[in-house]
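Structure data (PDB, C-alpha atoms) from structure-v4.pdb:
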```pdb
ATOM      1  CA  MET P  27      80.553-159.976-223.794  1.00  0.00           C
ATOM      2  CA  ARG P  28      83.254-162.545-222.991  1.00  0.00           C
ATOM      3  CA  SER P  29      85.750-159.709-222.350  1.00  0.00           C
ATOM      4  CA  ALA P  30      83.395-158.088-219.822  1.00  0.00           C
ATOM      5  CA  LEU P  31      82.937-161.372-217.909  1.00  0.00           C
ATOM      6  CA  PHE P  32      86.684-161.982-217.793  1.00  0.00           C
ATOM      7  CA  VAL P  33      87.313-158.494-216.378  1.00  0.00           C
ATOM      8  CA  GLY P  34      84.682-159.082-213.658  1.00  0.00           C
ATOM      9  CA  VAL P  35      86.285-162.390-212.582  1.00  0.00           C
ATOM     10  CA  VAL P  36      89.732-160.803-212.378  1.00  0.00           C
ATOM     11  CA  ALA P  37      88.347-157.943-210.267  1.00  0.00           C
ATOM     12  CA  LEU P  38      86.714-160.353-207.786  1.00  0.00           C
ATOM     13  CA  ALA P  39      89.913-162.389-207.454  1.00  0.00           C
ATOM     14  CA  ALA P  40      91.906-159.264-206.709  1.00  0.00           C
ATOM     15  CA  CYS P  41      89.555-158.404-203.811  1.00  0.00           C
ATOM     16  CA  GLY P  42      89.790-161.884-202.179  1.00  0.00           C
ATOM     17  CA  ASP P  43      91.498-162.781-198.846  1.00  0.00           C
ATOM     18  CA  ASP P  44      95.224-163.291-199.410  1.00  0.00           C
ATOM     19  CA  GLY P  45      95.668-165.232-196.157  1.00  0.00           C
ATOM     20  CA  GLY P  46      97.699-162.458-194.548  1.00  0.00           C
ATOM     21  CA  SER P  47      95.079-161.112-192.141  1.00  0.00           C
ATOM     22  CA  PRO P  48      95.991-160.688-188.420  1.00  0.00           C
ATOM     23  CA  GLY P  49      95.958-163.853-186.300  1.00  0.00           C
ATOM     24  CA  THR P  50      96.229-166.304-189.184  1.00  0.00           C
ATOM     25  CA  THR P  51      98.789-169.065-189.434  1.00  0.00           C
ATOM     26  CA  ASP P  52     101.477-169.276-192.063  1.00  0.00           C
ATOM     27  CA  ALA P  53     102.895-172.554-193.374  1.00  0.00           C
ATOM     28  CA  SER P  54     106.324-170.931-193.554  1.00  0.00           C
ATOM     29  CA  THR P  55     106.324-170.565-189.740  1.00  0.00           C
ATOM     30  CA  ASP P  56     105.158-174.137-189.031  1.00  0.00           C
ATOM     31  CA  GLY P  57     101.755-173.015-187.872  1.00  0.00           C
ATOM     32  CA  ALA P  58     102.960-170.345-185.433  1.00  0.00           C
ATOM     33  CA  ILE P  59     100.777-167.273-184.915  1.00  0.00           C
ATOM     34  CA  VAL P  60     102.039-164.415-187.078  1.00  0.00           C
ATOM     35  CA  ASP P  61     101.849-160.739-186.195  1.00  0.00           C
ATOM     36  CA  ALA P  62     100.286-158.852-189.114  1.00  0.00           C
ATOM     37  CA  THR P  63     102.764-155.999-188.641  1.00  0.00           C
ATOM     38  CA  SER P  64     105.822-158.264-188.561  1.00  0.00           C
ATOM     39  CA  ASP P  65     107.171-161.392-190.198  1.00  0.00           C
ATOM     40  CA  ALA P  66     108.310-162.796-186.807  1.00  0.00           C
ATOM     41  CA  PRO P  67     106.250-165.539-185.091  1.00  0.00           C
ATOM     42  CA  ILE P  68     104.702-164.712-181.712  1.00  0.00           C
ATOM     43  CA  ASP P  69     105.736-167.302-179.116  1.00  0.00           C
ATOM     44  CA  ALA P  70     102.838-167.403-176.672  1.00  0.00           C
ATOM     45  CA  ARG P  71     104.353-170.145-174.486  1.00  0.00           C
ATOM     46  CA  ALA P  72     105.320-169.126-170.950  1.00  0.00           C
ATOM     47  CA  ALA P  73     108.891-169.835-169.879  1.00  0.00           C
ATOM     48  CA  ALA P  74     109.190-172.974-167.769  1.00  0.00           C
ATOM     49  CA  PHE P  75     109.707-172.933-164.002  1.00  0.00           C
ATOM     50  CA  THR P  76     113.220-174.376-163.792  1.00  0.00           C
ATOM     51  CA  LEU P  77     115.602-175.591-161.051  1.00  0.00           C
ATOM     52  CA  THR P  78     119.360-175.805-161.662  1.00  0.00           C
ATOM     53  CA  SER P  79     122.583-176.345-159.704  1.00  0.00           C
ATOM     54  CA  PRO P  80     126.212-175.690-160.646  1.00  0.00           C
ATOM     55  CA  THR P  81     127.207-179.082-159.178  1.00  0.00           C
ATOM     56  CA  ILE P  82     124.234-181.339-160.016  1.00  0.00           C
ATOM     57  CA  THR P  83     122.906-181.684-163.556  1.00  0.00           C
ATOM     58  CA  GLU P  84     119.703-183.382-164.657  1.00  0.00           C
ATOM     59  CA  GLY P  85     120.420-187.097-165.110  1.00  0.00           C
ATOM     60  CA  GLY P  86     123.960-186.657-163.841  1.00  0.00           C
ATOM     61  CA  VAL P  87     125.913-187.954-160.851  1.00  0.00           C
ATOM     62  CA  ILE P  88     125.819-186.363-157.393  1.00  0.00           C
ATOM     63  CA  PRO P  89     129.408-185.394-156.445  1.00  0.00           C
ATOM     64  CA  LEU P  90     130.994-186.417-153.129  1.00  0.00           C
ATOM     65  CA  THR P  91     130.620-182.856-151.831  1.00  0.00           C
ATOM     66  CA  HIS P  92     126.911-183.616-151.330  1.00  0.00           C
ATOM     67  CA  VAL P  93     127.277-187.227-150.149  1.00  0.00           C
ATOM     68  CA  CYS P  94     127.254-188.515-146.538  1.00  0.00           C
ATOM     69  CA  THR P  95     130.576-188.726-144.695  1.00  0.00           C
ATOM     70  CA  ALA P  96     130.212-192.515-144.323  1.00  0.00           C
ATOM     71  CA  ARG P  97     130.634-192.752-148.109  1.00  0.00           C
ATOM     72  CA  GLY P  98     133.587-190.388-148.202  1.00  0.00           C
ATOM     73  CA  GLY P  99     131.562-187.235-148.787  1.00  0.00           C
ATOM     74  CA  MET P 100     131.215-183.821-147.118  1.00  0.00           C
ATOM     75  CA  ASN P 101     127.433-183.886-146.594  1.00  0.00           C
ATOM     76  CA  LEU P 102     126.970-180.292-147.813  1.00  0.00           C
ATOM     77  CA  SER P 103     123.746-179.141-149.449  1.00  0.00           C
ATOM     78  CA  PRO P 104     124.115-178.031-153.095  1.00  0.00           C
ATOM     79  CA  GLN P 105     123.829-174.499-154.344  1.00  0.00           C
ATOM     80  CA  LEU P 106     120.511-174.091-156.164  1.00  0.00           C
ATOM     81  CA  ALA P 107     118.990-171.512-158.505  1.00  0.00           C
ATOM     82  CA  TRP P 108     115.542-171.194-160.039  1.00  0.00           C
ATOM     83  CA  THR P 109     113.894-169.103-162.726  1.00  0.00           C
ATOM     84  CA  ASN P 110     110.386-168.279-163.949  1.00  0.00           C
ATOM     85  CA  ALA P 111     108.600-168.960-160.671  1.00  0.00           C
ATOM     86  CA  PRO P 112     104.838-168.233-160.639  1.00  0.00           C
ATOM     87  CA  ALA P 113     104.179-164.529-160.092  1.00  0.00           C
ATOM     88  CA  THR P 114     101.820-165.351-157.222  1.00  0.00           C
ATOM     89  CA  ALA P 115     104.401-167.375-155.271  1.00  0.00           C
ATOM     90  CA  MET P 116     104.965-166.047-151.732  1.00  0.00           C
ATOM     91  CA  SER P 117     107.496-168.686-150.615  1.00  0.00           C
ATOM     92  CA  PHE P 118     109.353-171.793-151.764  1.00  0.00           C
ATOM     93  CA  ALA P 119     110.171-175.214-150.355  1.00  0.00           C
ATOM     94  CA  VAL P 120     112.871-177.711-151.350  1.00  0.00           C
ATOM     95  CA  VAL P 121     112.465-181.437-150.689  1.00  0.00           C
ATOM     96  CA  PHE P 122     115.356-183.885-151.162  1.00  0.00           C
ATOM     97  CA  THR P 123     114.200-187.463-151.693  1.00  0.00           C
ATOM     98  CA  ASP P 124     115.639-190.890-152.480  1.00  0.00           C
ATOM     99  CA  VAL P 125     113.313-192.195-155.215  1.00  0.00           C
ATOM    100  CA  PHE P 126     115.038-195.551-155.703  1.00  0.00           C
ATOM    101  CA  ASN P 127     111.713-197.180-154.769  1.00  0.00           C
ATOM    102  CA  PRO P 128     109.016-194.999-156.400  1.00  0.00           C
ATOM    103  CA  ALA P 129     106.298-196.750-154.417  1.00  0.00           C
ATOM    104  CA  GLN P 130     107.981-195.779-151.161  1.00  0.00           C
ATOM    105  CA  PRO P 131     110.162-192.679-151.622  1.00  0.00           C
ATOM    106  CA  PHE P 132     112.527-191.902-148.742  1.00  0.00           C
ATOM    107  CA  VAL P 133     112.647-188.206-147.813  1.00  0.00           C
ATOM    108  CA  HIS P 134     116.057-186.997-146.654  1.00  0.00           C
ATOM    109  CA  SER P 135     115.330-183.346-145.854  1.00  0.00           C
ATOM    110  CA  VAL P 136     112.869-180.465-146.202  1.00  0.00           C
ATOM    111  CA  VAL P 137     113.519-176.711-146.167  1.00  0.00           C
ATOM    112  CA  TYR P 138     110.482-174.430-146.423  1.00  0.00           C
ATOM    113  CA  ASP P 139     109.376-170.794-145.876  1.00  0.00           C
ATOM    114  CA  ILE P 140     112.097-169.740-148.318  1.00  0.00           C
ATOM    115  CA  PRO P 141     111.182-166.091-149.099  1.00  0.00           C
ATOM    116  CA  ALA P 142     109.727-165.364-152.527  1.00  0.00           C
ATOM    117  CA  THR P 143     112.335-162.621-152.945  1.00  0.00           C
ATOM    118  CA  LEU P 144     115.010-165.300-153.335  1.00  0.00           C
ATOM    119  CA  SER P 145     115.851-167.081-156.585  1.00  0.00           C
ATOM    120  CA  GLY P 146     118.163-169.689-155.108  1.00  0.00           C
ATOM    121  CA  LEU P 147     119.871-171.210-152.090  1.00  0.00           C
ATOM    122  CA  PRO P 148     123.562-171.003-151.162  1.00  0.00           C
ATOM    123  CA  ALA P 149     125.670-174.122-150.828  1.00  0.00           C
ATOM    124  CA  ASP P 150     125.994-175.647-147.359  1.00  0.00           C
ATOM    125  CA  VAL P 151     122.868-174.176-145.761  1.00  0.00           C
ATOM    126  CA  ASP P 152     123.295-174.097-141.963  1.00  0.00           C
ATOM    127  CA  LYS P 153     121.857-177.216-140.325  1.00  0.00           C
ATOM    128  CA  VAL P 154     119.486-175.498-137.873  1.00  0.00           C
ATOM    129  CA  TYR P 155     115.735-174.863-137.693  1.00  0.00           C
ATOM    130  CA  ALA P 156     116.054-171.229-138.849  1.00  0.00           C
ATOM    131  CA  PRO P 157     119.268-171.070-140.914  1.00  0.00           C
ATOM    132  CA  PRO P 158     120.820-167.583-140.694  1.00  0.00           C
ATOM    133  CA  ASP P 159     122.227-167.897-144.221  1.00  0.00           C
ATOM    134  CA  VAL P 160     118.639-168.134-145.561  1.00  0.00           C
ATOM    135  CA  PRO P 161     116.712-165.646-143.391  1.00  0.00           C
ATOM    136  CA  GLY P 162     113.055-166.583-143.016  1.00  0.00           C
ATOM    137  CA  ALA P 163     113.489-170.239-144.001  1.00  0.00           C
ATOM    138  CA  HIS P 164     112.907-173.233-141.734  1.00  0.00           C
ATOM    139  CA  GLN P 165     114.120-176.840-141.802  1.00  0.00           C
ATOM    140  CA  THR P 166     112.727-180.080-140.451  1.00  0.00           C
ATOM    141  CA  LEU P 167     114.815-182.799-138.882  1.00  0.00           C
ATOM    142  CA  GLY P 168     116.517-184.981-141.501  1.00  0.00           C
ATOM    143  CA  TYR P 169     115.992-188.706-141.877  1.00  0.00           C
ATOM    144  CA  ASN P 170     118.247-189.467-138.888  1.00  0.00           C
ATOM    145  CA  ASN P 171     115.838-187.469-136.684  1.00  0.00           C
ATOM    146  CA  THR P 172     118.736-185.690-134.962  1.00  0.00           C
ATOM    147  CA  THR P 173     120.166-183.324-137.604  1.00  0.00           C
ATOM    148  CA  ARG P 174     118.178-180.514-139.197  1.00  0.00           C
ATOM    149  CA  GLY P 175     118.498-179.695-142.866  1.00  0.00           C
ATOM    150  CA  TYR P 176     120.292-181.499-145.642  1.00  0.00           C
ATOM    151  CA  LEU P 177     121.478-185.091-145.279  1.00  0.00           C
ATOM    152  CA  GLY P 178     123.183-186.453-148.389  1.00  0.00           C
ATOM    153  CA  PRO P 179     123.000-189.799-150.197  1.00  0.00           C
ATOM    154  CA  CYS P 180     124.356-192.743-148.221  1.00  0.00           C
ATOM    155  CA  PRO P 181     123.235-195.932-150.035  1.00  0.00           C
ATOM    156  CA  ASN P 182     125.080-199.234-150.461  1.00  0.00           C
ATOM    157  CA  ALA P 183     124.131-199.420-154.160  1.00  0.00           C
ATOM    158  CA  MET P 184     123.192-196.984-156.923  1.00  0.00           C
ATOM    159  CA  HIS P 185     120.152-194.888-156.005  1.00  0.00           C
ATOM    160  CA  THR P 186     118.307-192.078-157.763  1.00  0.00           C
ATOM    161  CA  TYR P 187     117.643-188.812-155.936  1.00  0.00           C
ATOM    162  CA  GLU P 188     115.265-185.935-156.556  1.00  0.00           C
ATOM    163  CA  LEU P 189     115.512-182.287-155.582  1.00  0.00           C
ATOM    164  CA  ALA P 190     111.998-180.852-155.866  1.00  0.00           C
ATOM    165  CA  LEU P 191     111.326-177.114-155.668  1.00  0.00           C
ATOM    166  CA  TYR P 192     107.762-176.080-154.817  1.00  0.00           C
ATOM    167  CA  ALA P 193     106.282-172.605-155.260  1.00  0.00           C
ATOM    168  CA  LEU P 194     103.722-171.846-152.561  1.00  0.00           C
ATOM    169  CA  PRO P 195     100.960-169.188-152.275  1.00  0.00           C
ATOM    170  CA  THR P 196     101.676-168.394-148.599  1.00  0.00           C
ATOM    171  CA  ALA P 197     104.676-166.738-146.940  1.00  0.00           C
ATOM    172  CA  THR P 198     104.793-169.453-144.281  1.00  0.00           C
ATOM    173  CA  LEU P 199     103.781-173.098-144.480  1.00  0.00           C
ATOM    174  CA  PRO P 200     100.290-173.491-142.965  1.00  0.00           C
ATOM    175  CA  GLY P 201     100.360-175.051-139.502  1.00  0.00           C
ATOM    176  CA  SER P 202     104.139-175.440-139.362  1.00  0.00           C
ATOM    177  CA  THR P 203     106.162-175.154-136.149  1.00  0.00           C
ATOM    178  CA  ILE P 204     109.583-176.192-134.924  1.00  0.00           C
ATOM    179  CA  GLY P 205     108.086-179.624-134.271  1.00  0.00           C
ATOM    180  CA  THR P 206     106.783-180.140-137.824  1.00  0.00           C
ATOM    181  CA  THR P 207     107.983-183.468-139.219  1.00  0.00           C
ATOM    182  CA  ARG P 208     109.161-184.141-142.763  1.00  0.00           C
ATOM    183  CA  ASP P 209     105.939-186.008-143.564  1.00  0.00           C
ATOM    184  CA  ALA P 210     103.740-183.241-142.143  1.00  0.00           C
ATOM    185  CA  ALA P 211     105.688-180.594-144.047  1.00  0.00           C
ATOM    186  CA  ILE P 212     105.381-182.492-147.318  1.00  0.00           C
ATOM    187  CA  THR P 213     101.644-182.980-146.800  1.00  0.00           C
ATOM    188  CA  ALA P 214     101.198-179.228-146.345  1.00  0.00           C
ATOM    189  CA  ILE P 215     103.529-178.392-149.239  1.00  0.00           C
ATOM    190  CA  THR P 216     101.853-180.676-151.785  1.00  0.00           C
ATOM    191  CA  ALA P 217      98.389-179.580-150.655  1.00  0.00           C
ATOM    192  CA  ASN P 218      99.188-175.930-151.373  1.00  0.00           C
ATOM    193  CA  ASP P 219     101.777-175.836-154.170  1.00  0.00           C
ATOM    194  CA  LEU P 220     101.296-173.612-157.198  1.00  0.00           C
ATOM    195  CA  ALA P 221     103.988-175.321-159.265  1.00  0.00           C
ATOM    196  CA  VAL P 222     106.888-177.726-158.898  1.00  0.00           C
ATOM    197  CA  THR P 223     110.139-178.255-160.780  1.00  0.00           C
ATOM    198  CA  LYS P 224     112.594-181.111-160.207  1.00  0.00           C
ATOM    199  CA  LEU P 225     116.232-182.020-160.635  1.00  0.00           C
ATOM    200  CA  THR P 226     117.098-185.732-160.652  1.00  0.00           C
ATOM    201  CA  ALA P 227     120.529-187.382-160.347  1.00  0.00           C
ATOM    202  CA  THR P 228     122.148-190.583-159.112  1.00  0.00           C
ATOM    203  CA  PHE P 229     124.826-191.670-156.667  1.00  0.00           C
ATOM    204  CA  THR P 230     126.738-194.964-156.668  1.00  0.00           C
ATOM    205  CA  PRO P 231     129.021-195.712-153.688  1.00  0.00           C
TER     206      PRO P 231
END
```
Render the structure in this file as structure tokens.
Amino acid sequence: MRSALFVGVVALAACGDDGGSPGTTDASTDGAIVDATSDAPIDARAAAFTLTSPTITEGGVIPLTHVCTARGGMNLSPQLAWTNAPATAMSFAVVFTDVFNPAQPFVHSVVYDIPATLSGLPADVDKVYAPPDVPGAHQTLGYNNTTRGYLGPCPNAMHTYELALYALPTATLPGSTIGTTRDAAITAITANDLAVTKLTATFTP
């Protein structure tokens, strides 16, 4: 009788769940989802929308190439590249801002209507409303209200600057014209953006 009971218990144990069914987690993979047909974890995280530059690194120092001429620079906009933009993006905008005073950020320049077919900007974008080296894009007047496009850092002490790339759901910025100001452009950009990625660096004269 005892032998029969023992055999029955062993049979039930053999039919139990071994923890290897599809969609379960495995301690050996630190809780990652495991494909039942493979030992490799499935990484379900989407790649991050990222902005980079060959001359400006996150947390680094802005080189003189991109600094105002009054501080010994060349005042040229940096080359930019981005990856993993939202699939629904129809255009991009780049805003360059002095964030030394977070409560009152100082916007240097805005370029918008950058076609969604692009994945970057060349260095030294032409300083006109519709730059021919970025067909389709438009630029507001810079902070001096006389020059369009990029105007580099020009502080008398160390300041922190932010390049922000916005992905937008429209091919052109709603309501924008040649007379659109930096503030008006930013209001429209932030009201419609799908995603934003930023690159922050400093400059000390």
Once you count only C-alpha atoms, what closest atom pair and distance in Å to one decimal does each residue of range 61-171 of chain P within 6 Å of range 184-193 of chain P have, with rows by chain and rising residue number, as a tab-separated table?
```
residue	atom	partner	partner_atom	distance
P:Ala115	CA	P:Ala193	CA	5.6
P:Phe118	CA	P:Ala193	CA	4.7
P:Ala119	CA	P:Tyr192	CA	5.1
P:Val120	CA	P:Leu191	CA	4.6
P:Val121	CA	P:Ala190	CA	5.2
P:Phe122	CA	P:Leu189	CA	4.7
P:Thr123	CA	P:Glu188	CA	5.2
P:Asp124	CA	P:Tyr187	CA	4.5
P:Val125	CA	P:Tyr187	CA	5.5
P:Phe126	CA	P:His185	CA	5.2
```
Open item on the list: Need the shell around Asn101 in chain P: protein/DNA/RNA residues with any atom at most 12 Å away, counting only C-alpha atoms. Skip same-chain ones fewer than 2 positions apart. Format as number ranges by chain?
Closed with: P: 88-99, 103-104, 134, 149-153, 173, 175-180
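Atom to atom, CA of Ile212 in chain P and CA of Arg174 in chain P stand 15.3 Å apart.
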- [ ] Scan for residues within 10 Å of the point (117.0, -168.0, -156.8) in the coordinates of the file, using all atoms listed in the file, and reply as a ChimeraX atom specification.
- [x] /P:77-78,105-111,118,140-148
Task: Length of the CA of Thr223 in chain P to CA of Pro195 in chain P vector [Å] - done: 15.5 Å
Open item on the list: Quick check, in Å to one decimal: how far apart do CA of Met116 in chain P and CA of Ala211 in chain P lie?
Closed with: 16.5 Å
Task: Picked residues, the PyMOL selection byres ((chain P and resi 220) around 6), expected as a ChimeraX atom specification - done: /P:193-194,219,221
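Applied to the file shown here, the PyMOL selection byres ((chain P and resi 165) around 8) selects the residues Ser135, Val136, Val137, Tyr138, Lys153, Val154, Tyr155, Ala156, Pro157, Ala163, His164, Thr166, Leu167, Arg174 and Gly175 of chain P.
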Output of the above residues as a short mmCIF file (atom, residue, chain, number, x, y, z; two decimals), in the frame of the given file, restricted to C-alpha atoms:
```cif
data_model
loop_
_atom_site.label_atom_id
_atom_site.label_comp_id
_atom_site.auth_asym_id
_atom_site.auth_seq_id
_atom_site.Cartn_x
_atom_site.Cartn_y
_atom_site.Cartn_z
CA SER P 135 115.33 -183.35 -145.85
CA VAL P 136 112.87 -180.46 -146.20
CA VAL P 137 113.52 -176.71 -146.17
CA TYR P 138 110.48 -174.43 -146.42
CA LYS P 153 121.86 -177.22 -140.32
CA VAL P 154 119.49 -175.50 -137.87
CA TYR P 155 115.74 -174.86 -137.69
CA ALA P 156 116.05 -171.23 -138.85
CA PRO P 157 119.27 -171.07 -140.91
CA ALA P 163 113.49 -170.24 -144.00
CA HIS P 164 112.91 -173.23 -141.73
CA THR P 166 112.73 -180.08 -140.45
CA LEU P 167 114.82 -182.80 -138.88
CA ARG P 174 118.18 -180.51 -139.20
CA GLY P 175 118.50 -179.70 -142.87
#
```
Open item on the list: Calculated over all atoms listed in the file, which of the candidates P:Phe132, P:Thr230, P:Ser117, P:Ala183 has the smallest distance to Asp209 in chain P?
Closed with: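 Among the listed residues, the smallest separation from Asp209 in chain P belongs to P:Phe132.
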Complete range 208-230 of chain P at the level of N, CA and C atoms, written as a PDB file, in the coordinates of the input.
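Result file is result-v6.pdb:
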```pdb
ATOM      1  N   ARG P 208     109.003-184.137-141.310  1.00  0.00           N
ATOM      2  CA  ARG P 208     109.161-184.141-142.763  1.00  0.00           C
ATOM      3  C   ARG P 208     107.843-184.512-143.440  1.00  0.00           C
ATOM      4  N   ASP P 209     107.192-185.562-142.949  1.00  0.00           N
ATOM      5  CA  ASP P 209     105.939-186.008-143.564  1.00  0.00           C
ATOM      6  C   ASP P 209     104.861-184.941-143.472  1.00  0.00           C
ATOM      7  N   ALA P 210     104.755-184.283-142.311  1.00  0.00           N
ATOM      8  CA  ALA P 210     103.740-183.241-142.143  1.00  0.00           C
ATOM      9  C   ALA P 210     104.032-182.049-143.051  1.00  0.00           C
ATOM     10  N   ALA P 211     105.311-181.709-143.175  1.00  0.00           N
ATOM     11  CA  ALA P 211     105.688-180.594-144.047  1.00  0.00           C
ATOM     12  C   ALA P 211     105.341-180.899-145.500  1.00  0.00           C
ATOM     13  N   ILE P 212     105.654-182.118-145.935  1.00  0.00           N
ATOM     14  CA  ILE P 212     105.381-182.492-147.318  1.00  0.00           C
ATOM     15  C   ILE P 212     103.882-182.520-147.593  1.00  0.00           C
ATOM     16  N   THR P 213     103.100-182.978-146.634  1.00  0.00           N
ATOM     17  CA  THR P 213     101.644-182.980-146.800  1.00  0.00           C
ATOM     18  C   THR P 213     101.135-181.563-147.012  1.00  0.00           C
ATOM     19  N   ALA P 214     101.622-180.624-146.208  1.00  0.00           N
ATOM     20  CA  ALA P 214     101.198-179.228-146.345  1.00  0.00           C
ATOM     21  C   ALA P 214     101.714-178.606-147.641  1.00  0.00           C
ATOM     22  N   ILE P 215     102.938-178.939-148.012  1.00  0.00           N
ATOM     23  CA  ILE P 215     103.529-178.392-149.239  1.00  0.00           C
ATOM     24  C   ILE P 215     102.753-178.853-150.470  1.00  0.00           C
ATOM     25  N   THR P 216     102.523-180.145-150.586  1.00  0.00           N
ATOM     26  CA  THR P 216     101.853-180.676-151.785  1.00  0.00           C
ATOM     27  C   THR P 216     100.376-180.312-151.832  1.00  0.00           C
ATOM     28  N   ALA P 217      99.796-179.985-150.685  1.00  0.00           N
ATOM     29  CA  ALA P 217      98.389-179.580-150.655  1.00  0.00           C
ATOM     30  C   ALA P 217      98.211-178.133-151.098  1.00  0.00           C
ATOM     31  N   ASN P 218      99.295-177.364-151.089  1.00  0.00           N
ATOM     32  CA  ASN P 218      99.188-175.930-151.373  1.00  0.00           C
ATOM     33  C   ASN P 218     100.042-175.441-152.544  1.00  0.00           C
ATOM     34  N   ASP P 219     100.814-176.332-153.182  1.00  0.00           N
ATOM     35  CA  ASP P 219     101.777-175.836-154.170  1.00  0.00           C
ATOM     36  C   ASP P 219     101.116-175.271-155.422  1.00  0.00           C
ATOM     37  N   LEU P 220     101.732-174.230-155.944  1.00  0.00           N
ATOM     38  CA  LEU P 220     101.296-173.612-157.198  1.00  0.00           C
ATOM     39  C   LEU P 220     101.966-174.282-158.392  1.00  0.00           C
ATOM     40  N   ALA P 221     103.210-174.691-158.194  1.00  0.00           N
ATOM     41  CA  ALA P 221     103.988-175.321-159.265  1.00  0.00           C
ATOM     42  C   ALA P 221     105.177-176.030-158.644  1.00  0.00           C
ATOM     43  N   VAL P 222     105.713-176.998-159.379  1.00  0.00           N
ATOM     44  CA  VAL P 222     106.888-177.726-158.898  1.00  0.00           C
ATOM     45  C   VAL P 222     107.839-177.976-160.064  1.00  0.00           C
ATOM     46  N   THR P 223     109.125-177.926-159.784  1.00  0.00           N
ATOM     47  CA  THR P 223     110.139-178.255-160.780  1.00  0.00           C
ATOM     48  C   THR P 223     111.167-179.142-160.093  1.00  0.00           C
ATOM     49  N   LYS P 224     111.750-180.093-160.835  1.00  0.00           N
ATOM     50  CA  LYS P 224     112.594-181.111-160.207  1.00  0.00           C
ATOM     51  C   LYS P 224     113.934-181.275-160.916  1.00  0.00           C
ATOM     52  N   LEU P 225     114.900-181.711-160.136  1.00  0.00           N
ATOM     53  CA  LEU P 225     116.232-182.020-160.635  1.00  0.00           C
ATOM     54  C   LEU P 225     116.581-183.402-160.111  1.00  0.00           C
ATOM     55  N   THR P 226     116.881-184.337-161.026  1.00  0.00           N
ATOM     56  CA  THR P 226     117.098-185.732-160.652  1.00  0.00           C
ATOM     57  C   THR P 226     118.506-186.170-161.030  1.00  0.00           C
ATOM     58  N   ALA P 227     119.163-186.889-160.097  1.00  0.00           N
ATOM     59  CA  ALA P 227     120.529-187.382-160.347  1.00  0.00           C
ATOM     60  C   ALA P 227     120.750-188.663-159.542  1.00  0.00           C
ATOM     61  N   THR P 228     121.871-189.320-159.783  1.00  0.00           N
ATOM     62  CA  THR P 228     122.148-190.583-159.112  1.00  0.00           C
ATOM     63  C   THR P 228     123.427-190.517-158.295  1.00  0.00           C
ATOM     64  N   PHE P 229     123.562-191.492-157.373  1.00  0.00           N
ATOM     65  CA  PHE P 229     124.826-191.670-156.667  1.00  0.00           C
ATOM     66  C   PHE P 229     125.083-193.158-156.524  1.00  0.00           C
ATOM     67  N   THR P 230     126.309-193.574-156.838  1.00  0.00           N
ATOM     68  CA  THR P 230     126.738-194.964-156.668  1.00  0.00           C
ATOM     69  C   THR P 230     127.951-194.992-155.745  1.00  0.00           C
TER      70      THR P 230
END
```
